[in-house]
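Everything below concerns the one structure shown next.
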Amino acid sequence: MNNDTAATQPAADDAPRQGKPLHILLAMCYLLHRTGAEMFTRDLAMWLRRRGHAVTIFATAFGDMANELRFASIACVTDLADMAARPDVIVGNTHHETVRALLHFHDVPVITICHDRSADHGRPAQFAQVVRHVAVDENCAQRLVHEFGIERERIELIQNGVDLSRFPLRGALPQRARTALVFSNYASHNEQLEEIRAACVQRGLSLDVIGSGTGNHLPDPAEALGRYDIVFGKGRCATEALCTGNAVVVLDPAWGMGEMVTAATVARTRHWNFGRALLIQQITRESVGAELDRYDAEDAARAGEWMRTHGSLDATLGALESCVQRMVREHPVIEVPASQRADEMSRYMQDWIRRGNPSAAQLTIALLQQHVAGLQQSFNDHQHMYQSRIEAVQAEAEHAAQSNAHCNERLAEAVRQAQQARTELALLQAQLREVYASRSWRVTEPLRRISTLVRPGEPQV
């Protein structure tokens, strides 16, 4: 199937009721960072489990998501030998893990998903067991066609969706934007981020950053998105922001930037998954500012409404579930002649040797990224701690300054009152001198002397 409707219409709503529940094996390189492909695997697993299917995830390494998945009755394994039962179908999200799974279960139909246009893990597994290829956007579909010679008829376009229950629609956007957010795991404290910040400052926008690259990773960013008017992001981040009702500028600090998503362009940019193919501009304060100046609250609301209508997770995963069930019905068992399997393995091993050991390299890189993310998070925590201390000291200094100002005011008032008292005293002294100098004071002097000798209440002699 070669159209967009698979990504927008939940054609599989009735499929589980018509067919038997399946045992589905999902292959993924690792679940450590909650990146787009990792979150897709998590969402797919939990959605299929709620639909009544048995789900197992095979990955080289798991992070904290494993506890969440196991709590939802989803098995997580790092060794396929631990699986006692044959799955009905394998859904492969990354190249080498998909190959390992199909070699272990040599007669199980396989569906591969290409999540990335350039990454090594996005290469399709080219074995006879693979009955369908899925691309998450047009860019990935073109990779499968032009780089690996896969017929377009064997490629199904199923675009990523958003769990609308987790990303509720925010309130109406203000007519003038006040807050902005860079939403990307690839953002870091570099010159690109400073260019974005400069453009925002020029327009009176406050700017925050969410992503593991800056040590500010949020496992669930849904609540945070509602606090921002404009979001810079690509791929899944852009999709989630649009469904939340934010105005979105397609941008990734590591690759470049596109344009502000509008009601007129949202369908076209969605076809490319708000992704890398659209990042054709250099990130400068001028280019960022030009897109910020296109902000229109009403138009952004219309773009978000379109996205919520066409980009729900249920529609995406329903289309994928329909594809899985259709492939299982058409290819319940894959019989591959030994000679063909030997040729496929020879080709794969030659490629594996030429490239080295990508699985080990991917795991090493993933663990290093996790370690770096931990260091960045620690740095961010310390930065927040010291910032809190600085703010506390500043608040104390401001309070002291206010208290000092109050004391100065009281001192000034006391000085004023003392000056007034001195003035009044001088006036009284002047009046008293006038009395002493007066004739009446001299005439009455004998009487004053007598009055001092005769005291009230004493007998007179």
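If you're wondering about the labels, chains in the structure tokens are A, B, ... by order shown, residues count from 1 in each chain, ligands from 1 in order shown.
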Which of stretch 183-363 of chain A DSSP labels strand (DSSP E or B), written as a PyMOL selection string | chain A and resi 183+206-211+216+230-233+247-252+256-260+281+312
Counting only C-alpha atoms, what is within 9 Å of stretch 136-143 of chain A, bar same-chain residues fewer than 2 positions away, as a short mmCIF file (atom, residue, chain, number, x, y, z; two decimals) with C-alpha atoms, in the first residue's frame?
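Heads up, here's the output in out31.cif:
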```cif
data_model
loop_
_atom_site.label_atom_id
_atom_site.label_comp_id
_atom_site.auth_asym_id
_atom_site.auth_seq_id
_atom_site.Cartn_x
_atom_site.Cartn_y
_atom_site.Cartn_z
CA ALA A 7 -1.31 6.69 8.88
CA ILE A 113 10.16 -0.46 10.25
CA CYS A 114 12.52 2.24 8.98
CA HIS A 115 12.60 5.05 11.55
CA ASP A 116 15.55 7.03 10.18
CA ARG A 117 16.84 8.17 6.81
CA SER A 118 20.57 7.90 7.58
CA GLY A 122 17.47 2.07 9.86
CA ARG A 123 18.83 -0.25 7.16
CA HIS A 133 8.61 -2.89 4.96
CA VAL A 134 7.12 0.05 6.85
CA VAL A 145 13.61 2.52 -2.59
CA HIS A 146 16.72 4.40 -3.69
CA GLU A 147 19.37 2.92 -1.37
CA PHE A 148 18.21 -0.69 -1.05
CA GLY A 149 16.20 -1.35 -4.21
CA ARG A 152 7.57 0.74 -3.58
CA ILE A 155 6.52 -0.42 1.42
CA GLU A 156 3.71 0.75 3.66
CA LEU A 157 3.73 4.34 4.92
CA ILE A 158 2.53 4.38 8.53
CA GLN A 159 3.41 7.61 10.28
CA ASN A 160 4.06 8.08 13.98
CA ARG A 270 3.48 15.79 8.34
CA HIS A 271 4.08 13.64 5.22
CA TRP A 272 7.80 14.20 5.88
CA ASN A 273 7.27 13.68 9.64
CA GLY A 275 11.84 15.74 9.93
CA ARG A 276 15.30 16.13 8.55
CA ALA A 277 14.31 16.65 4.92
#
```
Residue neighbourhood A:Arg100, 12 Å, only C-alpha atoms, exclusion window fewer than 6 positions, as a PDB file with all heavy atoms, in the first residue's frame:
```
ATOM      1  N   LEU A  25       6.644 -10.355  18.536  1.00  0.00           N
ATOM      2  CA  LEU A  25       7.995 -10.062  19.022  1.00  0.00           C
ATOM      3  C   LEU A  25       8.463  -8.749  18.413  1.00  0.00           C
ATOM      4  O   LEU A  25       8.527  -8.607  17.189  1.00  0.00           O
ATOM      5  CB  LEU A  25       8.953 -11.192  18.644  1.00  0.00           C
ATOM      6  CG  LEU A  25      10.447 -10.959  18.948  1.00  0.00           C
ATOM      7  CD1 LEU A  25      10.673 -10.778  20.445  1.00  0.00           C
ATOM      8  CD2 LEU A  25      11.295 -12.101  18.406  1.00  0.00           C
ATOM      9  N   LEU A  26       8.778  -7.782  19.262  1.00  0.00           N
ATOM     10  CA  LEU A  26       9.294  -6.490  18.811  1.00  0.00           C
ATOM     11  C   LEU A  26      10.798  -6.468  19.029  1.00  0.00           C
ATOM     12  O   LEU A  26      11.276  -6.700  20.149  1.00  0.00           O
ATOM     13  CB  LEU A  26       8.645  -5.343  19.585  1.00  0.00           C
ATOM     14  CG  LEU A  26       7.109  -5.264  19.579  1.00  0.00           C
ATOM     15  CD1 LEU A  26       6.646  -4.053  20.386  1.00  0.00           C
ATOM     16  CD2 LEU A  26       6.572  -5.204  18.171  1.00  0.00           C
ATOM     17  N   ALA A  27      11.557  -6.194  17.977  1.00  0.00           N
ATOM     18  CA  ALA A  27      13.020  -6.126  18.062  1.00  0.00           C
ATOM     19  C   ALA A  27      13.472  -4.674  18.037  1.00  0.00           C
ATOM     20  O   ALA A  27      13.063  -3.901  17.173  1.00  0.00           O
ATOM     21  CB  ALA A  27      13.657  -6.904  16.908  1.00  0.00           C
ATOM     22  N   MET A  28      14.335  -4.312  19.007  1.00  0.00           N
ATOM     23  CA  MET A  28      14.799  -2.930  19.141  1.00  0.00           C
ATOM     24  C   MET A  28      16.224  -2.952  19.672  1.00  0.00           C
ATOM     25  O   MET A  28      16.571  -3.823  20.478  1.00  0.00           O
ATOM     26  CB  MET A  28      13.869  -2.161  20.090  1.00  0.00           C
ATOM     27  CG  MET A  28      14.249  -0.707  20.296  1.00  0.00           C
ATOM     28  SD  MET A  28      14.046   0.256  18.784  1.00  0.00           S
ATOM     29  CE  MET A  28      14.863   1.774  19.235  1.00  0.00           C
ATOM     30  N   CYS A  29      17.060  -2.028  19.242  1.00  0.00           N
ATOM     31  CA  CYS A  29      18.464  -2.065  19.662  1.00  0.00           C
ATOM     32  C   CYS A  29      18.593  -1.897  21.172  1.00  0.00           C
ATOM     33  O   CYS A  29      19.323  -2.638  21.829  1.00  0.00           O
ATOM     34  CB  CYS A  29      19.275  -1.004  18.925  1.00  0.00           C
ATOM     35  SG  CYS A  29      18.652   0.684  19.059  1.00  0.00           S
ATOM     36  N   PHE A  58      12.526  -7.699  22.438  1.00  0.00           N
ATOM     37  CA  PHE A  58      13.926  -8.129  22.452  1.00  0.00           C
ATOM     38  C   PHE A  58      14.801  -6.918  22.178  1.00  0.00           C
ATOM     39  O   PHE A  58      14.644  -6.236  21.165  1.00  0.00           O
ATOM     40  CB  PHE A  58      14.157  -9.206  21.384  1.00  0.00           C
ATOM     41  CG  PHE A  58      15.606  -9.426  21.056  1.00  0.00           C
ATOM     42  CD1 PHE A  58      16.503  -9.830  22.036  1.00  0.00           C
ATOM     43  CD2 PHE A  58      16.083  -9.215  19.765  1.00  0.00           C
ATOM     44  CE1 PHE A  58      17.847 -10.014  21.737  1.00  0.00           C
ATOM     45  CE2 PHE A  58      17.420  -9.416  19.451  1.00  0.00           C
ATOM     46  CZ  PHE A  58      18.308  -9.813  20.446  1.00  0.00           C
ATOM     47  N   ALA A  59      15.716  -6.635  23.104  1.00  0.00           N
ATOM     48  CA  ALA A  59      16.634  -5.508  22.948  1.00  0.00           C
ATOM     49  C   ALA A  59      17.969  -5.866  23.569  1.00  0.00           C
ATOM     50  O   ALA A  59      18.057  -6.741  24.437  1.00  0.00           O
ATOM     51  CB  ALA A  59      16.066  -4.247  23.601  1.00  0.00           C
ATOM     52  N   THR A  60      19.010  -5.165  23.140  1.00  0.00           N
ATOM     53  CA  THR A  60      20.348  -5.411  23.672  1.00  0.00           C
ATOM     54  C   THR A  60      20.487  -4.901  25.093  1.00  0.00           C
ATOM     55  O   THR A  60      21.220  -5.478  25.897  1.00  0.00           O
ATOM     56  CB  THR A  60      21.401  -4.739  22.777  1.00  0.00           C
ATOM     57  OG1 THR A  60      21.174  -5.132  21.418  1.00  0.00           O
ATOM     58  CG2 THR A  60      22.806  -5.132  23.166  1.00  0.00           C
ATOM     59  N   THR A  78      16.833  -9.943  26.730  1.00  0.00           N
ATOM     60  CA  THR A  78      18.068  -9.592  26.029  1.00  0.00           C
ATOM     61  C   THR A  78      18.692 -10.820  25.361  1.00  0.00           C
ATOM     62  O   THR A  78      19.701 -10.685  24.669  1.00  0.00           O
ATOM     63  CB  THR A  78      19.085  -8.982  27.008  1.00  0.00           C
ATOM     64  OG1 THR A  78      19.318  -9.892  28.084  1.00  0.00           O
ATOM     65  CG2 THR A  78      18.562  -7.661  27.581  1.00  0.00           C
ATOM     66  N   ASP A  79      18.099 -11.987  25.570  1.00  0.00           N
ATOM     67  CA  ASP A  79      18.569 -13.228  24.963  1.00  0.00           C
ATOM     68  C   ASP A  79      17.356 -13.976  24.416  1.00  0.00           C
ATOM     69  O   ASP A  79      16.458 -14.353  25.173  1.00  0.00           O
ATOM     70  CB  ASP A  79      19.310 -14.084  25.991  1.00  0.00           C
ATOM     71  CG  ASP A  79      19.991 -15.294  25.365  1.00  0.00           C
ATOM     72  OD1 ASP A  79      19.649 -15.632  24.203  1.00  0.00           O
ATOM     73  OD2 ASP A  79      20.834 -15.903  26.028  1.00  0.00           O
ATOM     74  N   LEU A  80      17.321 -14.182  23.096  1.00  0.00           N
ATOM     75  CA  LEU A  80      16.171 -14.840  22.470  1.00  0.00           C
ATOM     76  C   LEU A  80      16.012 -16.280  22.933  1.00  0.00           C
ATOM     77  O   LEU A  80      14.911 -16.844  22.847  1.00  0.00           O
ATOM     78  CB  LEU A  80      16.319 -14.787  20.947  1.00  0.00           C
ATOM     79  CG  LEU A  80      16.193 -13.382  20.339  1.00  0.00           C
ATOM     80  CD1 LEU A  80      16.690 -13.370  18.908  1.00  0.00           C
ATOM     81  CD2 LEU A  80      14.738 -12.911  20.394  1.00  0.00           C
ATOM     82  N   ALA A  81      17.077 -16.882  23.425  1.00  0.00           N
ATOM     83  CA  ALA A  81      16.981 -18.250  23.937  1.00  0.00           C
ATOM     84  C   ALA A  81      16.089 -18.333  25.164  1.00  0.00           C
ATOM     85  O   ALA A  81      15.620 -19.429  25.528  1.00  0.00           O
ATOM     86  CB  ALA A  81      18.370 -18.790  24.256  1.00  0.00           C
ATOM     87  N   ILE A  90       7.394 -11.114  13.735  1.00  0.00           N
ATOM     88  CA  ILE A  90       8.462 -10.263  14.270  1.00  0.00           C
ATOM     89  C   ILE A  90       8.317  -8.880  13.649  1.00  0.00           C
ATOM     90  O   ILE A  90       8.236  -8.741  12.423  1.00  0.00           O
ATOM     91  CB  ILE A  90       9.851 -10.835  13.931  1.00  0.00           C
ATOM     92  CG1 ILE A  90      10.039 -12.216  14.580  1.00  0.00           C
ATOM     93  CG2 ILE A  90      10.957  -9.880  14.380  1.00  0.00           C
ATOM     94  CD1 ILE A  90      11.261 -12.952  14.076  1.00  0.00           C
ATOM     95  N   GLY A  92      10.464  -5.667  13.386  1.00  0.00           N
ATOM     96  CA  GLY A  92      11.829  -5.215  13.620  1.00  0.00           C
ATOM     97  C   GLY A  92      11.971  -3.717  13.478  1.00  0.00           C
ATOM     98  O   GLY A  92      11.654  -3.150  12.422  1.00  0.00           O
ATOM     99  N   THR A  94      15.054  -2.115  14.446  1.00  0.00           N
ATOM    100  CA  THR A  94      16.457  -1.831  14.151  1.00  0.00           C
ATOM    101  C   THR A  94      17.085  -3.037  13.469  1.00  0.00           C
ATOM    102  O   THR A  94      16.682  -4.179  13.687  1.00  0.00           O
ATOM    103  CB  THR A  94      17.234  -1.485  15.438  1.00  0.00           C
ATOM    104  OG1 THR A  94      17.011  -2.502  16.420  1.00  0.00           O
ATOM    105  CG2 THR A  94      16.796  -0.141  15.998  1.00  0.00           C
ATOM    106  N   HIS A 106      13.391 -18.984  12.443  1.00  0.00           N
ATOM    107  CA  HIS A 106      13.710 -18.965  11.014  1.00  0.00           C
ATOM    108  C   HIS A 106      12.512 -19.120  10.089  1.00  0.00           C
ATOM    109  O   HIS A 106      12.657 -18.988   8.873  1.00  0.00           O
ATOM    110  CB  HIS A 106      14.729 -20.067  10.702  1.00  0.00           C
ATOM    111  CG  HIS A 106      14.273 -21.432  11.135  1.00  0.00           C
ATOM    112  ND1 HIS A 106      13.411 -22.198  10.407  1.00  0.00           N
ATOM    113  CD2 HIS A 106      14.560 -22.119  12.270  1.00  0.00           C
ATOM    114  CE1 HIS A 106      13.189 -23.328  11.055  1.00  0.00           C
ATOM    115  NE2 HIS A 106      13.872 -23.318  12.188  1.00  0.00           N
ATOM    116  N   VAL A 110       8.343 -11.530   9.004  1.00  0.00           N
ATOM    117  CA  VAL A 110       8.970 -10.345   9.592  1.00  0.00           C
ATOM    118  C   VAL A 110       8.464  -9.093   8.893  1.00  0.00           C
ATOM    119  O   VAL A 110       8.351  -9.056   7.657  1.00  0.00           O
ATOM    120  CB  VAL A 110      10.508 -10.417   9.471  1.00  0.00           C
ATOM    121  CG1 VAL A 110      11.158  -9.153  10.024  1.00  0.00           C
ATOM    122  CG2 VAL A 110      11.042 -11.658  10.189  1.00  0.00           C
ATOM    123  N   ALA A 125      16.415  -5.194   6.949  1.00  0.00           N
ATOM    124  CA  ALA A 125      16.925  -6.563   6.880  1.00  0.00           C
ATOM    125  C   ALA A 125      16.406  -7.184   5.582  1.00  0.00           C
ATOM    126  O   ALA A 125      15.196  -7.290   5.377  1.00  0.00           O
ATOM    127  CB  ALA A 125      16.442  -7.360   8.090  1.00  0.00           C
ATOM    128  N   PHE A 127      16.047 -10.230   3.946  1.00  0.00           N
ATOM    129  CA  PHE A 127      15.924 -11.681   3.996  1.00  0.00           C
ATOM    130  C   PHE A 127      14.550 -12.071   3.463  1.00  0.00           C
ATOM    131  O   PHE A 127      13.606 -11.261   3.481  1.00  0.00           O
ATOM    132  CB  PHE A 127      16.074 -12.186   5.432  1.00  0.00           C
ATOM    133  CG  PHE A 127      17.487 -12.139   5.968  1.00  0.00           C
ATOM    134  CD1 PHE A 127      18.075 -10.934   6.325  1.00  0.00           C
ATOM    135  CD2 PHE A 127      18.223 -13.299   6.111  1.00  0.00           C
ATOM    136  CE1 PHE A 127      19.366 -10.883   6.815  1.00  0.00           C
ATOM    137  CE2 PHE A 127      19.524 -13.264   6.606  1.00  0.00           C
ATOM    138  CZ  PHE A 127      20.097 -12.059   6.952  1.00  0.00           C
ATOM    139  N   MET A 345      22.721 -15.240   4.396  1.00  0.00           N
ATOM    140  CA  MET A 345      23.640 -15.126   5.521  1.00  0.00           C
ATOM    141  C   MET A 345      25.027 -14.692   5.069  1.00  0.00           C
ATOM    142  O   MET A 345      25.704 -13.902   5.747  1.00  0.00           O
ATOM    143  CB  MET A 345      23.734 -16.465   6.254  1.00  0.00           C
ATOM    144  CG  MET A 345      22.631 -16.680   7.274  1.00  0.00           C
ATOM    145  SD  MET A 345      22.601 -15.362   8.522  1.00  0.00           S
ATOM    146  CE  MET A 345      24.258 -15.446   9.178  1.00  0.00           C
ATOM    147  N   TYR A 348      24.901 -11.021   4.436  1.00  0.00           N
ATOM    148  CA  TYR A 348      24.803 -10.298   5.702  1.00  0.00           C
ATOM    149  C   TYR A 348      26.144 -10.296   6.429  1.00  0.00           C
ATOM    150  O   TYR A 348      26.578  -9.260   6.954  1.00  0.00           O
ATOM    151  CB  TYR A 348      23.730 -10.921   6.594  1.00  0.00           C
ATOM    152  CG  TYR A 348      23.696 -10.339   7.986  1.00  0.00           C
ATOM    153  CD1 TYR A 348      23.147  -9.082   8.228  1.00  0.00           C
ATOM    154  CD2 TYR A 348      24.252 -11.031   9.073  1.00  0.00           C
ATOM    155  CE1 TYR A 348      23.126  -8.537   9.497  1.00  0.00           C
ATOM    156  CE2 TYR A 348      24.239 -10.488  10.346  1.00  0.00           C
ATOM    157  CZ  TYR A 348      23.676  -9.252  10.553  1.00  0.00           C
ATOM    158  OH  TYR A 348      23.668  -8.702  11.816  1.00  0.00           O
ATOM    159  N   SER A 359      26.395  -3.818  16.502  1.00  0.00           N
ATOM    160  CA  SER A 359      25.579  -4.013  17.704  1.00  0.00           C
ATOM    161  C   SER A 359      26.361  -3.631  18.947  1.00  0.00           C
ATOM    162  O   SER A 359      25.869  -2.921  19.826  1.00  0.00           O
ATOM    163  CB  SER A 359      25.118  -5.472  17.792  1.00  0.00           C
ATOM    164  OG  SER A 359      24.237  -5.768  16.732  1.00  0.00           O
TER     165      SER A 359
END
```
Nearest residue to A:Glu330 from the set A:Ala61, A:Met257, A:Val89, A:Ala401 (distances using only C-alpha atoms) | A:Val89
Determine which residues of stretch 147-386 of chain A receive a DSSP assignment of helix (DSSP H, G or I), computed from the backbone, and state them as a PyMOL selection string.
-> chain A and resi 147-148+152-154+191-202+212-214+222-225+235-244+266-271+276-278+285-292+297-310+313-330+338-355+358-386
Neighbouring residues of A:Asp293 were defined as those with any atom within 12 Å, considering only C-alpha atoms; residues of the same chain fewer than 6 positions away were excluded. Please report them as a PDB file with all heavy atoms, in the first residue's frame.
```pdb
ATOM      1  N   ARG A 176      -0.284  37.445  21.357  1.00  0.00           N
ATOM      2  CA  ARG A 176       1.156  37.740  21.297  1.00  0.00           C
ATOM      3  C   ARG A 176       1.883  36.694  22.135  1.00  0.00           C
ATOM      4  O   ARG A 176       1.621  36.559  23.327  1.00  0.00           O
ATOM      5  CB  ARG A 176       1.447  39.143  21.829  1.00  0.00           C
ATOM      6  CG  ARG A 176       2.906  39.570  21.688  1.00  0.00           C
ATOM      7  CD  ARG A 176       3.102  41.002  22.186  1.00  0.00           C
ATOM      8  NE  ARG A 176       4.489  41.434  22.030  1.00  0.00           N
ATOM      9  CZ  ARG A 176       5.463  41.165  22.899  1.00  0.00           C
ATOM     10  NH1 ARG A 176       5.179  40.462  23.985  1.00  0.00           N
ATOM     11  NH2 ARG A 176       6.693  41.588  22.678  1.00  0.00           N
ATOM     12  N   ALA A 177       2.775  35.955  21.504  1.00  0.00           N
ATOM     13  CA  ALA A 177       3.482  34.879  22.202  1.00  0.00           C
ATOM     14  C   ALA A 177       4.380  35.448  23.303  1.00  0.00           C
ATOM     15  O   ALA A 177       4.971  36.514  23.145  1.00  0.00           O
ATOM     16  CB  ALA A 177       4.317  34.074  21.215  1.00  0.00           C
ATOM     17  N   ALA A 199      17.211  35.442  19.334  1.00  0.00           N
ATOM     18  CA  ALA A 199      16.014  35.811  18.564  1.00  0.00           C
ATOM     19  C   ALA A 199      14.801  35.941  19.481  1.00  0.00           C
ATOM     20  O   ALA A 199      13.959  36.830  19.289  1.00  0.00           O
ATOM     21  CB  ALA A 199      15.758  34.772  17.479  1.00  0.00           C
ATOM     22  N   CYS A 200      14.721  35.058  20.482  1.00  0.00           N
ATOM     23  CA  CYS A 200      13.597  35.126  21.415  1.00  0.00           C
ATOM     24  C   CYS A 200      13.679  36.368  22.295  1.00  0.00           C
ATOM     25  O   CYS A 200      12.666  37.051  22.513  1.00  0.00           O
ATOM     26  CB  CYS A 200      13.567  33.854  22.277  1.00  0.00           C
ATOM     27  SG  CYS A 200      13.114  32.350  21.384  1.00  0.00           S
ATOM     28  N   GLN A 202      15.050  39.191  21.627  1.00  0.00           N
ATOM     29  CA  GLN A 202      14.721  40.371  20.828  1.00  0.00           C
ATOM     30  C   GLN A 202      13.219  40.594  20.731  1.00  0.00           C
ATOM     31  O   GLN A 202      12.775  41.727  20.536  1.00  0.00           O
ATOM     32  CB  GLN A 202      15.312  40.224  19.430  1.00  0.00           C
ATOM     33  CG  GLN A 202      16.830  40.361  19.379  1.00  0.00           C
ATOM     34  CD  GLN A 202      17.378  40.079  17.994  1.00  0.00           C
ATOM     35  OE1 GLN A 202      16.658  39.674  17.077  1.00  0.00           O
ATOM     36  NE2 GLN A 202      18.688  40.285  17.826  1.00  0.00           N
ATOM     37  N   ARG A 203      12.449  39.530  20.886  1.00  0.00           N
ATOM     38  CA  ARG A 203      10.989  39.631  20.754  1.00  0.00           C
ATOM     39  C   ARG A 203      10.257  39.479  22.085  1.00  0.00           C
ATOM     40  O   ARG A 203       9.051  39.256  22.113  1.00  0.00           O
ATOM     41  CB  ARG A 203      10.494  38.575  19.751  1.00  0.00           C
ATOM     42  CG  ARG A 203      10.875  38.936  18.325  1.00  0.00           C
ATOM     43  CD  ARG A 203      10.971  37.751  17.415  1.00  0.00           C
ATOM     44  NE  ARG A 203      11.392  38.196  16.079  1.00  0.00           N
ATOM     45  CZ  ARG A 203      12.645  38.471  15.746  1.00  0.00           C
ATOM     46  NH1 ARG A 203      13.612  38.325  16.640  1.00  0.00           N
ATOM     47  NH2 ARG A 203      12.932  38.880  14.525  1.00  0.00           N
ATOM     48  N   GLY A 204      11.020  39.567  23.162  1.00  0.00           N
ATOM     49  CA  GLY A 204      10.413  39.529  24.485  1.00  0.00           C
ATOM     50  C   GLY A 204       9.906  38.159  24.896  1.00  0.00           C
ATOM     51  O   GLY A 204       9.014  38.064  25.741  1.00  0.00           O
ATOM     52  N   LEU A 205      10.486  37.099  24.317  1.00  0.00           N
ATOM     53  CA  LEU A 205      10.066  35.734  24.646  1.00  0.00           C
ATOM     54  C   LEU A 205      11.046  35.114  25.635  1.00  0.00           C
ATOM     55  O   LEU A 205      12.259  35.202  25.457  1.00  0.00           O
ATOM     56  CB  LEU A 205      10.036  34.857  23.391  1.00  0.00           C
ATOM     57  CG  LEU A 205       8.994  35.179  22.319  1.00  0.00           C
ATOM     58  CD1 LEU A 205       9.300  34.392  21.047  1.00  0.00           C
ATOM     59  CD2 LEU A 205       7.601  34.827  22.816  1.00  0.00           C
ATOM     60  N   ILE A 230       5.204  28.785  21.801  1.00  0.00           N
ATOM     61  CA  ILE A 230       5.931  28.372  20.596  1.00  0.00           C
ATOM     62  C   ILE A 230       6.925  27.271  20.979  1.00  0.00           C
ATOM     63  O   ILE A 230       7.626  27.391  21.989  1.00  0.00           O
ATOM     64  CB  ILE A 230       6.683  29.555  19.960  1.00  0.00           C
ATOM     65  CG1 ILE A 230       5.696  30.656  19.551  1.00  0.00           C
ATOM     66  CG2 ILE A 230       7.493  29.098  18.754  1.00  0.00           C
ATOM     67  CD1 ILE A 230       6.363  31.916  19.019  1.00  0.00           C
ATOM     68  N   ALA A 247       2.166  26.523  18.785  1.00  0.00           N
ATOM     69  CA  ALA A 247       2.718  26.911  17.493  1.00  0.00           C
ATOM     70  C   ALA A 247       4.080  26.252  17.376  1.00  0.00           C
ATOM     71  O   ALA A 247       4.852  26.238  18.333  1.00  0.00           O
ATOM     72  CB  ALA A 247       2.837  28.428  17.393  1.00  0.00           C
ATOM     73  N   VAL A 249       7.771  25.528  15.238  1.00  0.00           N
ATOM     74  CA  VAL A 249       8.791  25.783  14.222  1.00  0.00           C
ATOM     75  C   VAL A 249       9.613  24.509  14.091  1.00  0.00           C
ATOM     76  O   VAL A 249      10.169  24.018  15.078  1.00  0.00           O
ATOM     77  CB  VAL A 249       9.711  26.959  14.604  1.00  0.00           C
ATOM     78  CG1 VAL A 249      10.825  27.132  13.558  1.00  0.00           C
ATOM     79  CG2 VAL A 249       8.913  28.244  14.743  1.00  0.00           C
ATOM     80  N   GLU A 259      10.435  25.654   8.717  1.00  0.00           N
ATOM     81  CA  GLU A 259       9.540  26.799   8.819  1.00  0.00           C
ATOM     82  C   GLU A 259       8.522  26.595   9.946  1.00  0.00           C
ATOM     83  O   GLU A 259       8.392  25.509  10.499  1.00  0.00           O
ATOM     84  CB  GLU A 259       8.781  26.993   7.495  1.00  0.00           C
ATOM     85  CG  GLU A 259       9.684  27.275   6.299  1.00  0.00           C
ATOM     86  CD  GLU A 259       8.875  27.439   5.021  1.00  0.00           C
ATOM     87  OE1 GLU A 259       7.697  27.020   4.997  1.00  0.00           O
ATOM     88  OE2 GLU A 259       9.424  27.985   4.045  1.00  0.00           O
ATOM     89  N   MET A 260       7.828  27.681  10.246  1.00  0.00           N
ATOM     90  CA  MET A 260       6.684  27.602  11.141  1.00  0.00           C
ATOM     91  C   MET A 260       5.610  26.748  10.468  1.00  0.00           C
ATOM     92  O   MET A 260       5.269  26.961   9.307  1.00  0.00           O
ATOM     93  CB  MET A 260       6.145  29.002  11.431  1.00  0.00           C
ATOM     94  CG  MET A 260       4.880  29.045  12.263  1.00  0.00           C
ATOM     95  SD  MET A 260       5.160  28.895  14.031  1.00  0.00           S
ATOM     96  CE  MET A 260       5.874  30.500  14.437  1.00  0.00           C
ATOM     97  N   ARG A 285      19.997  33.937  14.369  1.00  0.00           N
ATOM     98  CA  ARG A 285      18.946  34.722  15.028  1.00  0.00           C
ATOM     99  C   ARG A 285      18.023  35.386  14.017  1.00  0.00           C
ATOM    100  O   ARG A 285      16.848  35.609  14.313  1.00  0.00           O
ATOM    101  CB  ARG A 285      19.575  35.763  15.962  1.00  0.00           C
ATOM    102  CG  ARG A 285      20.391  36.848  15.295  1.00  0.00           C
ATOM    103  CD  ARG A 285      21.142  37.657  16.326  1.00  0.00           C
ATOM    104  NE  ARG A 285      22.168  36.828  16.963  1.00  0.00           N
ATOM    105  CZ  ARG A 285      22.840  37.184  18.064  1.00  0.00           C
ATOM    106  NH1 ARG A 285      22.585  38.362  18.634  1.00  0.00           N
ATOM    107  NH2 ARG A 285      23.764  36.404  18.569  1.00  0.00           N
ATOM    108  N   GLU A 286      18.546  35.649  12.807  1.00  0.00           N
ATOM    109  CA  GLU A 286      17.703  36.252  11.774  1.00  0.00           C
ATOM    110  C   GLU A 286      16.693  35.241  11.229  1.00  0.00           C
ATOM    111  O   GLU A 286      15.506  35.547  11.079  1.00  0.00           O
ATOM    112  CB  GLU A 286      18.564  36.797  10.635  1.00  0.00           C
ATOM    113  CG  GLU A 286      19.404  38.007  10.989  1.00  0.00           C
ATOM    114  CD  GLU A 286      20.647  37.656  11.791  1.00  0.00           C
ATOM    115  OE1 GLU A 286      21.043  36.464  11.773  1.00  0.00           O
ATOM    116  OE2 GLU A 286      21.208  38.563  12.434  1.00  0.00           O
ATOM    117  N   SER A 287      17.172  34.007  10.913  1.00  0.00           N
ATOM    118  CA  SER A 287      16.256  32.998  10.365  1.00  0.00           C
ATOM    119  C   SER A 287      15.233  32.565  11.406  1.00  0.00           C
ATOM    120  O   SER A 287      14.057  32.364  11.090  1.00  0.00           O
ATOM    121  CB  SER A 287      17.045  31.791   9.855  1.00  0.00           C
ATOM    122  OG  SER A 287      17.803  31.190  10.888  1.00  0.00           O
TER     123      SER A 287
END
```
Name all residues at most 12 Å from A:Ile57 (count only C-alpha atoms; drop same-chain ones fewer than 5 positions away) and give them as a PyMOL selection string.
-> chain A and resi 23-31+38+41-46+48-49+62+65-66+69-70+73-80+82-83+87+90-93+97-98+101
With only C-alpha atoms as the basis for distance, which of A:Phe71, A:Arg347, A:Asp88, A:Gly36 is at the shortest distance from A:Arg329?
->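 Of the candidates, the smallest distance to A:Arg329 is held by A:Asp88.
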Calculate how many Å separate atom CA of A:Pro174 from atom CA of A:Ala198, rounding to one decimal.
->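 The value is 21.4 Å.
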